[in-house]
$ cat coords_4.tsv   # TSV, C-alpha atoms
chain	number	residue	atom	x	y	z
G	74	MET	CA	129.71	-43.06	7.92
G	75	TYR	CA	126.42	-41.27	8.69
G	76	LYS	CA	125.17	-41.70	5.13
G	77	PHE	CA	125.84	-45.44	5.38
G	78	PHE	CA	124.01	-45.54	8.73
G	79	PHE	CA	121.13	-43.55	7.25
G	80	ARG	CA	120.72	-46.03	4.40
G	81	LEU	CA	121.09	-49.02	6.69
G	82	VAL	CA	118.90	-47.90	9.60
G	83	PHE	CA	117.02	-44.61	9.36
G	84	LYS	CA	115.85	-45.08	5.77
G	85	ARG	CA	114.07	-48.27	6.82
G	86	MET	CA	112.34	-46.64	9.77
G	87	ASP	CA	109.17	-44.56	9.80
G	88	PRO	CA	110.47	-40.99	9.32
G	89	GLU	CA	108.81	-39.61	12.43
G	90	LYS	CA	110.04	-42.50	14.59
G	91	ALA	CA	113.55	-42.06	13.17
G	92	HIS	CA	113.40	-38.34	13.98
G	93	TYR	CA	112.50	-38.88	17.63
G	94	THR	CA	115.01	-41.71	17.99
G	95	ALA	CA	117.86	-39.54	16.72
G	96	PHE	CA	116.65	-36.59	18.77
G	97	ARG	CA	116.65	-38.66	21.97
G	98	TRP	CA	120.23	-39.72	21.29
G	99	ILE	CA	121.30	-36.11	20.78
G	100	CYS	CA	119.60	-35.04	24.02
G	101	LEU	CA	121.16	-37.94	25.91
G	102	VAL	CA	124.68	-37.08	24.75
G	103	ALA	CA	124.13	-33.43	25.71
G	104	ARG	CA	123.40	-34.53	29.29
G	105	ILE	CA	126.74	-36.33	29.72
G	106	PRO	CA	129.39	-33.70	30.68
G	107	VAL	CA	132.60	-35.21	29.28
G	108	LEU	CA	130.97	-36.65	26.19
G	109	ARG	CA	129.15	-33.45	25.25
G	110	THR	CA	132.38	-31.46	25.58
G	111	PHE	CA	134.15	-33.87	23.25
G	112	VAL	CA	131.29	-33.81	20.72
G	113	ALA	CA	131.07	-30.00	20.76
G	114	ALA	CA	134.81	-29.72	20.22
G	115	ALA	CA	134.54	-31.96	17.17
G	116	LEU	CA	131.30	-30.66	15.67
G	117	ALA	CA	131.10	-27.04	16.77
G	118	PRO	CA	134.48	-25.38	16.12
G	119	ARG	CA	134.25	-21.60	16.21
G	120	TYR	CA	135.46	-19.28	13.46
G	121	LYS	CA	136.07	-15.70	14.60
G	122	GLU	CA	135.47	-14.40	11.09
G	123	LEU	CA	131.93	-15.81	11.12
G	124	ARG	CA	130.81	-14.00	14.27
G	125	THR	CA	127.52	-12.33	13.50
G	126	GLU	CA	125.46	-9.49	14.91
G	127	ALA	CA	121.80	-9.64	14.02
G	128	LEU	CA	118.55	-8.55	15.66
G	129	GLY	CA	120.63	-6.77	18.29
G	130	LEU	CA	122.16	-10.13	19.26
G	131	ARG	CA	125.70	-11.47	19.04
G	132	MET	CA	126.06	-15.00	17.69
G	133	HIS	CA	128.95	-17.38	17.06
G	134	GLY	CA	127.96	-17.45	13.40
G	135	PRO	CA	125.06	-17.01	10.99
G	136	PHE	CA	123.87	-20.62	10.71
G	137	GLY	CA	121.01	-21.94	12.81
G	138	LEU	CA	118.43	-24.68	13.07
G	139	ALA	CA	115.03	-23.87	11.62
G	140	ALA	CA	111.80	-24.36	13.54
G	141	GLY	CA	110.18	-27.79	13.42
G	142	PHE	CA	112.99	-29.98	14.69
G	143	ASP	CA	112.69	-29.09	18.39
G	144	LYS	CA	109.03	-28.27	18.82
G	145	ASN	CA	108.97	-28.28	22.62
G	146	ALA	CA	112.36	-26.82	23.61
G	147	VAL	CA	113.70	-30.14	24.92
G	148	GLY	CA	116.96	-30.31	22.97
G	149	ILE	CA	118.40	-26.81	22.71
G	150	ASP	CA	121.74	-27.75	24.26
G	151	GLY	CA	121.95	-30.82	22.04
G	152	MET	CA	121.53	-28.77	18.88
G	153	ALA	CA	124.01	-26.16	20.10
G	154	MET	CA	126.42	-29.02	20.78
G	155	LEU	CA	126.11	-30.01	17.12
G	156	GLY	CA	127.20	-26.53	16.07
G	157	PHE	CA	124.04	-24.56	15.33
G	158	ASP	CA	124.58	-20.88	16.13
G	159	HIS	CA	120.93	-20.33	16.93
G	160	VAL	CA	118.07	-22.72	17.60
G	161	GLU	CA	114.52	-21.82	16.68
G	162	ILE	CA	112.07	-23.89	18.69
G	163	GLY	CA	108.45	-24.56	17.82
G	164	THR	CA	106.11	-24.03	16.22
G	165	VAL	CA	104.40	-23.54	19.59
G	166	THR	CA	100.64	-22.90	19.78
G	167	GLY	CA	98.53	-21.29	22.47
G	168	GLU	CA	97.17	-24.65	23.58
G	169	ALA	CA	98.65	-28.14	23.41
G	170	GLN	CA	97.57	-30.18	20.40
G	171	PRO	CA	98.42	-33.62	18.99
G	172	GLY	CA	98.78	-32.52	15.39
G	173	ASN	CA	97.45	-34.38	12.38
G	174	PRO	CA	96.93	-38.16	12.23
G	175	LYS	CA	99.97	-40.31	11.45
G	176	GLN	CA	101.61	-40.99	8.98
G	177	ARG	CA	102.37	-37.33	8.54
G	178	LEU	CA	106.07	-37.17	7.64
G	179	PHE	CA	107.52	-38.56	4.40
G	180	ARG	CA	111.04	-38.74	2.99
G	181	LEU	CA	111.66	-38.10	-0.70
G	182	VAL	CA	115.18	-39.52	-0.64
G	183	ALA	CA	115.71	-39.25	-4.39
G	184	ASP	CA	114.97	-35.54	-4.13
G	185	ARG	CA	116.70	-34.93	-0.79
G	186	ALA	CA	113.40	-33.58	0.44
G	187	LEU	CA	110.66	-34.06	3.01
G	188	ILE	CA	106.90	-33.70	2.96
G	189	ASN	CA	105.27	-33.01	6.30
G	190	ARG	CA	101.75	-32.43	7.45
G	191	MET	CA	102.57	-32.53	11.15
G	192	GLY	CA	99.98	-29.90	12.06
G	193	PHE	CA	101.87	-28.05	14.81
G	194	ASN	CA	101.99	-30.99	17.23
G	195	ASN	CA	103.34	-29.52	20.47
G	196	GLU	CA	102.81	-29.33	24.22
G	197	GLY	CA	101.42	-25.80	24.15
G	198	SER	CA	102.83	-22.42	25.13
G	199	ALA	CA	102.37	-22.83	28.91
G	200	ALA	CA	104.38	-26.08	29.05
G	201	VAL	CA	107.11	-24.78	26.73
G	202	ALA	CA	107.38	-21.53	28.70
G	203	ALA	CA	107.80	-23.48	31.93
G	204	ARG	CA	110.54	-25.61	30.36
G	205	LEU	CA	112.40	-22.55	29.08
G	206	ALA	CA	112.09	-20.83	32.46
G	207	ALA	CA	113.61	-23.86	34.22
G	208	ARG	CA	116.38	-24.31	31.67
G	209	ASN	CA	119.96	-24.37	32.95
G	210	PRO	CA	121.95	-23.89	29.73
G	211	VAL	CA	125.13	-25.84	29.09
G	212	PHE	CA	126.02	-24.16	25.78
G	213	ARG	CA	125.47	-20.51	24.94
G	214	THR	CA	123.21	-20.17	21.94
G	215	THR	CA	120.54	-17.82	20.65
G	216	ILE	CA	116.98	-19.09	21.11
G	217	GLY	CA	114.22	-18.16	18.72
G	218	VAL	CA	110.62	-19.00	19.58
G	219	ASN	CA	108.27	-19.68	16.66
G	220	ILE	CA	104.55	-19.33	17.45
G	221	GLY	CA	101.50	-20.37	15.47
G	222	LYS	CA	97.72	-20.64	15.68
G	223	THR	CA	96.01	-23.40	17.63
G	224	LYS	CA	94.04	-25.47	15.11
G	225	VAL	CA	90.65	-25.23	16.86
G	226	VAL	CA	90.88	-21.45	17.20
G	227	PRO	CA	88.80	-19.71	14.50
G	228	GLU	CA	90.68	-17.49	12.08
G	229	ALA	CA	88.85	-14.45	13.44
G	230	GLU	CA	90.28	-15.15	16.91
G	231	ALA	CA	93.82	-15.87	15.75
G	232	ALA	CA	95.33	-12.66	17.13
G	233	ALA	CA	94.22	-13.48	20.67
G	234	ASP	CA	95.74	-16.94	20.38
G	235	TYR	CA	99.08	-15.53	19.21
G	236	VAL	CA	98.97	-12.94	22.00
G	237	LYS	CA	98.45	-15.71	24.57
G	238	SER	CA	101.60	-17.46	23.37
G	239	THR	CA	103.50	-14.19	23.25
G	240	GLU	CA	102.63	-13.32	26.83
G	241	ARG	CA	103.86	-16.71	27.97
G	242	LEU	CA	106.96	-17.07	25.82
G	243	ALA	CA	108.38	-13.63	24.98
G	244	ALA	CA	110.39	-13.36	28.19
G	245	HIS	CA	112.26	-16.55	27.30
G	246	ALA	CA	112.92	-15.71	23.65
G	247	ASP	CA	115.97	-14.01	22.19
G	248	TYR	CA	113.69	-13.41	19.22
G	249	LEU	CA	110.07	-14.23	18.43
G	250	VAL	CA	108.67	-15.47	15.10
G	251	VAL	CA	105.05	-15.26	13.96
G	252	ASN	CA	104.40	-18.26	11.73
G	253	VAL	CA	101.55	-17.59	9.30
G	254	SER	CA	102.89	-19.75	6.51
G	255	SER	CA	102.55	-23.42	7.41
G	256	PRO	CA	100.21	-25.22	4.98
G	257	ASN	CA	99.12	-27.74	7.61
G	258	THR	CA	96.77	-25.63	9.76
G	259	PRO	CA	93.53	-24.78	7.92
G	260	GLY	CA	93.23	-21.07	7.16
G	261	LEU	CA	96.65	-20.17	8.56
G	262	ARG	CA	98.11	-18.94	5.28
G	263	ASN	CA	95.18	-16.56	4.89
G	264	LEU	CA	96.79	-14.55	7.67
G	265	GLN	CA	99.62	-13.59	5.30
G	266	ALA	CA	97.27	-11.17	3.54
G	267	THR	CA	98.29	-7.71	4.70
G	268	GLU	CA	94.79	-6.78	5.90
G	269	SER	CA	94.97	-9.74	8.33
G	270	LEU	CA	98.67	-9.60	9.02
G	271	ARG	CA	98.79	-5.95	10.08
G	272	PRO	CA	96.51	-6.27	13.14
G	273	LEU	CA	98.03	-9.63	14.06
G	274	LEU	CA	101.62	-8.38	14.08
G	275	THR	CA	100.57	-5.19	15.84
G	276	ALA	CA	98.88	-7.20	18.60
G	277	VAL	CA	101.90	-9.48	19.04
G	278	ARG	CA	104.30	-6.52	19.12
G	279	GLU	CA	102.22	-4.80	21.78
G	280	ALA	CA	101.97	-8.00	23.82
G	281	ALA	CA	105.73	-8.55	23.69
G	282	ASP	CA	106.43	-4.97	24.76
G	283	ARG	CA	103.86	-5.19	27.54
G	284	THR	CA	105.22	-8.50	28.83
G	285	VAL	CA	108.96	-7.80	28.57
G	286	THR	CA	109.82	-4.30	29.70
G	287	GLY	CA	113.58	-4.57	30.26
G	288	ARG	CA	114.48	-5.15	26.61
G	289	ARG	CA	112.95	-5.21	23.14
G	290	VAL	CA	112.21	-8.74	21.95
G	291	PRO	CA	112.92	-8.83	18.20
G	292	LEU	CA	109.85	-9.84	16.18
G	293	LEU	CA	109.96	-11.60	12.81
G	294	VAL	CA	107.39	-13.07	10.45
G	295	LYS	CA	107.85	-16.28	8.47
G	296	ILE	CA	106.37	-16.36	4.98
G	297	ALA	CA	105.60	-19.01	2.38
G	298	PRO	CA	107.43	-19.46	-0.93
G	299	ASP	CA	104.06	-19.76	-2.64
G	300	LEU	CA	103.23	-16.07	-2.27
G	301	ALA	CA	102.98	-14.19	-5.55
G	302	ASP	CA	105.77	-11.66	-6.07
G	303	GLU	CA	103.44	-8.73	-5.45
G	304	ASP	CA	102.38	-10.30	-2.14
G	305	VAL	CA	106.04	-10.73	-1.16
G	306	ASP	CA	106.47	-7.01	-1.83
G	307	ALA	CA	103.38	-6.22	0.23
G	308	VAL	CA	104.68	-8.18	3.22
G	309	ALA	CA	108.06	-6.49	2.89
G	310	ASP	CA	106.44	-3.05	2.86
G	311	LEU	CA	104.26	-3.95	5.84
G	312	ALA	CA	107.27	-5.19	7.81
G	313	VAL	CA	109.04	-1.88	7.29
G	314	GLU	CA	105.89	0.09	8.09
G	315	LEU	CA	105.35	-1.74	11.39
G	316	GLY	CA	109.00	-1.63	12.40
G	317	LEU	CA	109.32	-5.39	12.31
G	318	ASP	CA	112.79	-6.72	13.04
G	319	GLY	CA	112.94	-9.37	10.35
G	320	ILE	CA	111.42	-11.75	7.81
G	321	ILE	CA	112.17	-15.45	7.48
G	322	ALA	CA	112.07	-16.67	3.88
G	323	THR	CA	110.75	-19.26	3.45
G	324	ASN	CA	108.51	-21.96	4.92
G	325	THR	CA	107.59	-25.15	3.04
G	326	THR	CA	105.77	-25.17	-0.30
G	327	ILE	CA	102.52	-26.83	-1.35
G	328	ALA	CA	103.64	-26.74	-4.99
G	329	ARG	CA	104.84	-29.92	-6.67
G	330	GLU	CA	105.15	-28.86	-10.29
G	331	GLY	CA	108.31	-27.22	-11.55
G	332	HIS	CA	110.62	-28.82	-9.01
G	333	GLY	CA	111.75	-31.74	-11.16
G	334	LEU	CA	110.83	-34.25	-8.48
G	335	LYS	CA	112.16	-37.77	-9.06
G	336	SER	CA	110.42	-39.65	-6.26
G	337	ALA	CA	107.48	-41.99	-6.84
G	338	PRO	CA	104.26	-40.17	-7.84
G	339	GLU	CA	102.31	-41.59	-4.90
G	340	LEU	CA	104.92	-40.14	-2.54
G	341	VAL	CA	105.10	-36.79	-4.30
G	342	GLY	CA	101.30	-36.64	-4.15
G	343	GLU	CA	101.15	-36.72	-0.36
G	344	THR	CA	99.56	-33.57	1.03
G	345	GLY	CA	101.62	-31.24	3.17
G	346	GLY	CA	104.58	-28.92	2.91
G	347	LEU	CA	107.53	-29.85	0.73
G	348	SER	CA	110.96	-28.88	2.08
G	349	GLY	CA	114.56	-29.58	1.21
G	350	ALA	CA	116.53	-29.32	-2.03
G	351	PRO	CA	113.55	-28.71	-4.38
G	352	LEU	CA	112.75	-25.50	-2.47
G	353	LYS	CA	116.21	-24.04	-3.06
G	354	GLU	CA	115.55	-21.92	-6.15
G	355	ARG	CA	112.25	-20.34	-5.11
G	356	SER	CA	113.41	-19.58	-1.57
G	357	LEU	CA	116.45	-17.83	-2.97
G	358	GLU	CA	114.26	-15.83	-5.35
G	359	VAL	CA	111.98	-14.68	-2.53
G	360	LEU	CA	114.95	-13.76	-0.36
G	361	SER	CA	116.59	-11.71	-3.10
G	362	ARG	CA	113.30	-9.96	-3.84
G	363	LEU	CA	112.85	-9.09	-0.18
G	364	TYR	CA	116.36	-7.66	0.08
G	365	ALA	CA	115.84	-5.58	-3.05
G	366	ARG	CA	112.73	-4.18	-1.36
G	367	VAL	CA	113.89	-3.63	2.22
G	368	GLY	CA	117.68	-3.43	2.00
G	369	THR	CA	119.28	-3.21	5.40
G	370	ARG	CA	116.22	-1.82	7.17
G	371	ILE	CA	115.26	-5.22	8.55
G	372	THR	CA	117.06	-8.53	9.05
G	373	LEU	CA	116.40	-11.31	6.58
G	374	VAL	CA	116.75	-15.00	7.41
G	375	GLY	CA	117.24	-17.42	4.52
G	376	VAL	CA	115.90	-20.96	4.83
G	377	GLY	CA	114.75	-23.59	2.35
G	378	GLY	CA	117.03	-25.98	0.47
G	379	VAL	CA	120.19	-25.03	2.35
G	380	GLU	CA	122.22	-28.21	1.91
G	381	SER	CA	125.78	-26.93	1.89
G	382	ALA	CA	128.12	-24.06	2.62
G	383	GLU	CA	127.65	-22.90	-0.97
G	384	ASP	CA	123.89	-22.71	-0.46
G	385	ALA	CA	124.39	-20.72	2.76
G	386	TRP	CA	126.85	-18.40	1.00
G	387	GLN	CA	124.38	-17.77	-1.82
G	388	ARG	CA	121.75	-16.85	0.77
G	389	ILE	CA	124.12	-14.35	2.35
G	390	LEU	CA	125.00	-12.79	-1.01
G	391	ALA	CA	121.27	-12.55	-1.78
G	392	GLY	CA	120.57	-10.64	1.43
G	393	ALA	CA	120.35	-12.99	4.40
G	394	THR	CA	122.16	-12.02	7.58
G	395	LEU	CA	121.15	-15.34	9.13
G	396	VAL	CA	120.69	-18.72	7.44
G	397	GLN	CA	118.83	-21.78	8.68
G	398	GLY	CA	118.70	-25.46	7.80
G	399	TYR	CA	116.53	-28.42	8.71
G	400	SER	CA	115.74	-30.98	6.00
G	401	ALA	CA	119.38	-31.31	4.91
G	402	PHE	CA	120.29	-32.13	8.52
G	403	ILE	CA	118.25	-35.34	8.15
G	404	TYR	CA	120.33	-36.36	5.13
G	405	GLU	CA	123.73	-34.93	6.11
G	406	GLY	CA	123.77	-35.90	9.77
G	407	PRO	CA	125.75	-34.53	12.72
G	408	PHE	CA	128.58	-33.01	10.66
G	409	TYR	CA	126.13	-30.77	8.78
G	410	ALA	CA	126.67	-27.54	10.73
G	411	ARG	CA	130.43	-28.10	10.93
G	412	ALA	CA	130.66	-28.46	7.14
G	413	VAL	CA	128.61	-25.31	6.58
G	414	HIS	CA	130.77	-23.28	8.94
G	415	LYS	CA	134.03	-24.54	7.48
G	416	GLY	CA	132.85	-23.86	3.95
G	417	LEU	CA	131.55	-20.40	4.80
G	418	ALA	CA	134.86	-19.42	6.36
G	419	ALA	CA	136.68	-20.61	3.23
G	420	ARG	CA	134.33	-18.71	0.91
G	421	LEU	CA	134.63	-15.52	2.93
G	422	ALA	CA	138.43	-15.78	2.86
G	423	ALA	CA	138.39	-16.21	-0.93
G	424	SER	CA	135.92	-13.36	-1.47
G	425	PRO	CA	136.54	-9.61	-1.82
G	426	TYR	CA	134.64	-9.00	1.42
G	427	ALA	CA	136.42	-8.39	4.71
G	428	THR	CA	133.45	-9.51	6.81
G	429	LEU	CA	130.24	-11.48	6.44
G	430	ALA	CA	128.31	-8.26	7.02
G	431	GLU	CA	129.90	-6.77	3.88
G	432	ALA	CA	128.83	-9.82	1.87
G	433	VAL	CA	125.16	-9.62	2.90
G	434	GLY	CA	123.13	-8.66	-0.18
G	435	ALA	CA	126.18	-8.05	-2.37
G	436	GLU	CA	124.88	-10.13	-5.29
G	437	THR	CA	121.41	-8.57	-5.14
G	438	ARG	CA	122.92	-5.08	-5.09
G	439	LYS	CA	125.13	-5.98	-8.04
G	440	LYS	CA	122.15	-7.16	-10.09
G	441	ALA	CA	120.20	-4.01	-9.23
G	442	ALA	CA	123.09	-1.86	-10.46
G	443	LEU	CA	123.20	-3.49	-13.92
$ encode --input "coords_4.tsv" --output "structure tokens"
Amino acid sequence: MYKFFFRLVFKRMDPEKAHYTAFRWICLVARIPVLRTFVAAALAPRYKELRTEALGLRMHGPFGLAAGFDKNAVGIDGMAMLGFDHVEIGTVTGEAQPGNPKQRLFRLVADRALINRMGFNNEGSAAVAARLAARNPVFRTTIGVNIGKTKVVPEAEAAADYVKSTERLAAHADYLVVNVSSPNTPGLRNLQATESLRPLLTAVREAADRTVTGRRVPLLVKIAPDLADEDVDAVADLAVELGLDGIIATNTTIAREGHGLKSAPELVGETGGLSGAPLKERSLEVLSRLYARVGTRITLVGVGGVESAEDAWQRILAGATLVQGYSAFIYEGPFYARAVHKGLAARLAASPYATLAEAVGAETRKKAAL
């Protein structure tokens, strides 16, 4: 039914307008007690065998919503109602900013993909922190907070901008993510170079520890799929060296060649980050390479082209303890998380592994042993 509705209504709407329309409906339903209970029962069934421990946190399962959908922490309960085991909000910047001029979001329906050049449009870390502080949760879920650089802040002053967001948001985060991999903020990806990344991550770690003294806030970094393999290795080594808690692999890609894109050339040629099904292969490659490098020393989160339970299962076998989706949610609709959970439970039952934790990295380890 959703796919029919998508073709009939959403496909004809501006993608960004469709996004906010659907998001408002989700948030509205989550505010109606009886209705939200009914929806959660239908869309968020729990599977005991999928319970996951990661980053020192206990979650209903391994599958969450990637950053970008809920930029300002306004719909956390709505997304939990739809079955996501964790919700990563943001990207949030030090100061509020409108993002890039519209149109800035494009659907590549033939490729089950999106191109976005949103530019970190958000209300800023002070407003988001206030909203999180006032939140009265309806559904228990893990909240990740993804932070990025304010556009007008020079690259040389990036660390201070990230620290500002950290000081405001760390207390409200179950885990914190440093985003240095979006292609839509000028100069941001330069921060992935280890000589820039080391002082940035060190400053954020110190700020989180200084701000939140009663617990350790897990810190992750999100990287691009466009990094060369040797740069992926360098980030992995740096993460271990700094005692980072995890790496999220991967963000969107600026590459267009080699993905077999079927959409119209003028659409494919839009600038911005490509996400969705075309990213599947490279994201999996990066994830497997990271696991081969770091093993179980840090937590890996697989994202990029996760359309189905099979995709999520392949991420787990490659080394991901947690898996995230976003673009496929646009195409699959409200039953997306339910289908992933049901399929994961079936695959685990049919596998030689007693738990999901045993399955993490099994395929990568097998390849390394050959």
$ residues_around --input "coords_4.tsv" --residues "Glu126 (chain G)" --least-positions-apart "5" --cutoff "10 Å" --atoms "all atoms listed in the file" --output "list in words"
Arg131, Met132, His133, Gly134, Pro135, Thr394, Leu395, Leu429 and Ala430 of chain G
$ residues_around --input "coords_4.tsv" --residues "Ala117 (chain G)" --least-positions-apart "3" --cutoff "6 Å" --atoms "all atoms listed in the file" --output "ChimeraX atom specification"
/G:113-114,155-156,411
$ residues_around --input "coords_4.tsv" --residues "Thr428 (chain G)" --least-positions-apart "3" --cutoff "9 Å" --atoms "all atoms listed in the file" --output "short mmCIF file (atom, residue, chain, number, x, y, z; two decimals) with C-alpha atoms, keeping the file's coordinate frame"
data_model
loop_
_atom_site.label_atom_id
_atom_site.label_comp_id
_atom_site.auth_asym_id
_atom_site.auth_seq_id
_atom_site.Cartn_x
_atom_site.Cartn_y
_atom_site.Cartn_z
CA GLU G 122 135.47 -14.40 11.09
CA LEU G 123 131.93 -15.81 11.12
CA LEU G 421 134.63 -15.52 2.93
CA ALA G 422 138.43 -15.78 2.86
CA GLU G 431 129.90 -6.77 3.88
CA ALA G 432 128.83 -9.82 1.87
#
$ atom_distance --input "coords_4.tsv" --atom1 "CA of Ala418 (chain G)" --atom2 "CA of Ala382 (chain G)"
9.0 Å
$ closest_residue --input "coords_4.tsv" --among "G:Val211, G:Val433, G:Ala385, G:Val112" --to "Val413 (chain G)" --atoms "all atoms listed in the file"
G:Ala385
$ closest_residue --input "coords_4.tsv" --among "G:Val359, G:Asp158, G:Gly342, G:Tyr404" --to "Glu303 (chain G)" --atoms "only C-alpha atoms"
G:Val359
$ atom_distance --input "coords_4.tsv" --atom1 "CA of Gly416 (chain G)" --atom2 "CA of Tyr120 (chain G)"
10.9 Å
$ closest_atom_pairs --input "coords_4.tsv" --of "region 227-331 of chain G" --to "region 195-210 of chain G" --cutoff "10 Å" --atoms "all atoms listed in the file" --output "Markdown table"
| residue | atom | partner | partner_atom | distance |
| --- | --- | --- | --- | --- |
| G:Tyr235 | CA | G:Ser198 | CA | 9.8 |
| G:Lys237 | CA | G:Ser198 | CA | 8.0 |
| G:Ser238 | CA | G:Ser198 | CA | 5.4 |
| G:Thr239 | CA | G:Ser198 | CA | 8.5 |
| G:Glu240 | CA | G:Ser198 | CA | 9.3 |
| G:Arg241 | CA | G:Ala202 | CA | 6.0 |
| G:Leu242 | CA | G:Ala202 | CA | 5.3 |
| G:Ala243 | CA | G:Ala202 | CA | 8.8 |
| G:Ala244 | CA | G:Ala202 | CA | 8.7 |
| G:His245 | CA | G:Leu205 | CA | 6.3 |
| G:Ala246 | CA | G:Leu205 | CA | 8.7 |
$ residues_around --input "coords_4.tsv" --residues "region 173-176 of chain G" --least-positions-apart "3" --cutoff "7 Å" --atoms "all atoms listed in the file" --output "PyMOL selection string"
chain G and resi 190-192
$ closest_residue --input "coords_4.tsv" --among "G:Ala309, G:Val236, G:Ala139, G:Val396" --to "Ala280 (chain G)" --atoms "all atoms listed in the file"
G:Val236
$ closest_residue --input "coords_4.tsv" --among "G:Ser381, G:Ala232, G:Thr284, G:Trp98" --to "Leu264 (chain G)" --atoms "all atoms listed in the file"
G:Ala232
$ closest_residue --input "coords_4.tsv" --among "G:Ala337, G:Ile321, G:Leu261, G:Ala441" --to "Gly217 (chain G)" --atoms "all atoms listed in the file"
G:Ile321
$ closest_residue --input "coords_4.tsv" --among "G:Ala281, G:Ala103, G:Leu317, G:Leu347" --to "Asn257 (chain G)" --atoms "only C-alpha atoms"
G:Leu347
$ residues_near_point --input "coords_4.tsv" --point "(117.1, -11.5, 9.0)" --cutoff "9 Å" --atoms "only C-alpha atoms" --output "MDAnalysis selection string"
chainID G and resid 127:128 293 318:322 371:375 392:396
$ residues_around --input "coords_4.tsv" --residues "Glu405 (chain G)" --least-positions-apart "6" --cutoff "10 Å" --atoms "all atoms listed in the file" --output "PDB file with C-alpha atoms, in the frame of the given file"
ATOM      1  CA  TYR G  75     126.420 -41.270   8.690  1.00  0.00           C
ATOM      2  CA  LYS G  76     125.170 -41.700   5.130  1.00  0.00           C
ATOM      3  CA  PHE G  79     121.130 -43.550   7.250  1.00  0.00           C
ATOM      4  CA  ARG G 185     116.700 -34.930  -0.790  1.00  0.00           C
ATOM      5  CA  GLU G 380     122.220 -28.210   1.910  1.00  0.00           C
ATOM      6  CA  SER G 381     125.780 -26.930   1.890  1.00  0.00           C
ATOM      7  CA  ALA G 412     130.660 -28.460   7.140  1.00  0.00           C
TER       8      ALA G 412
END
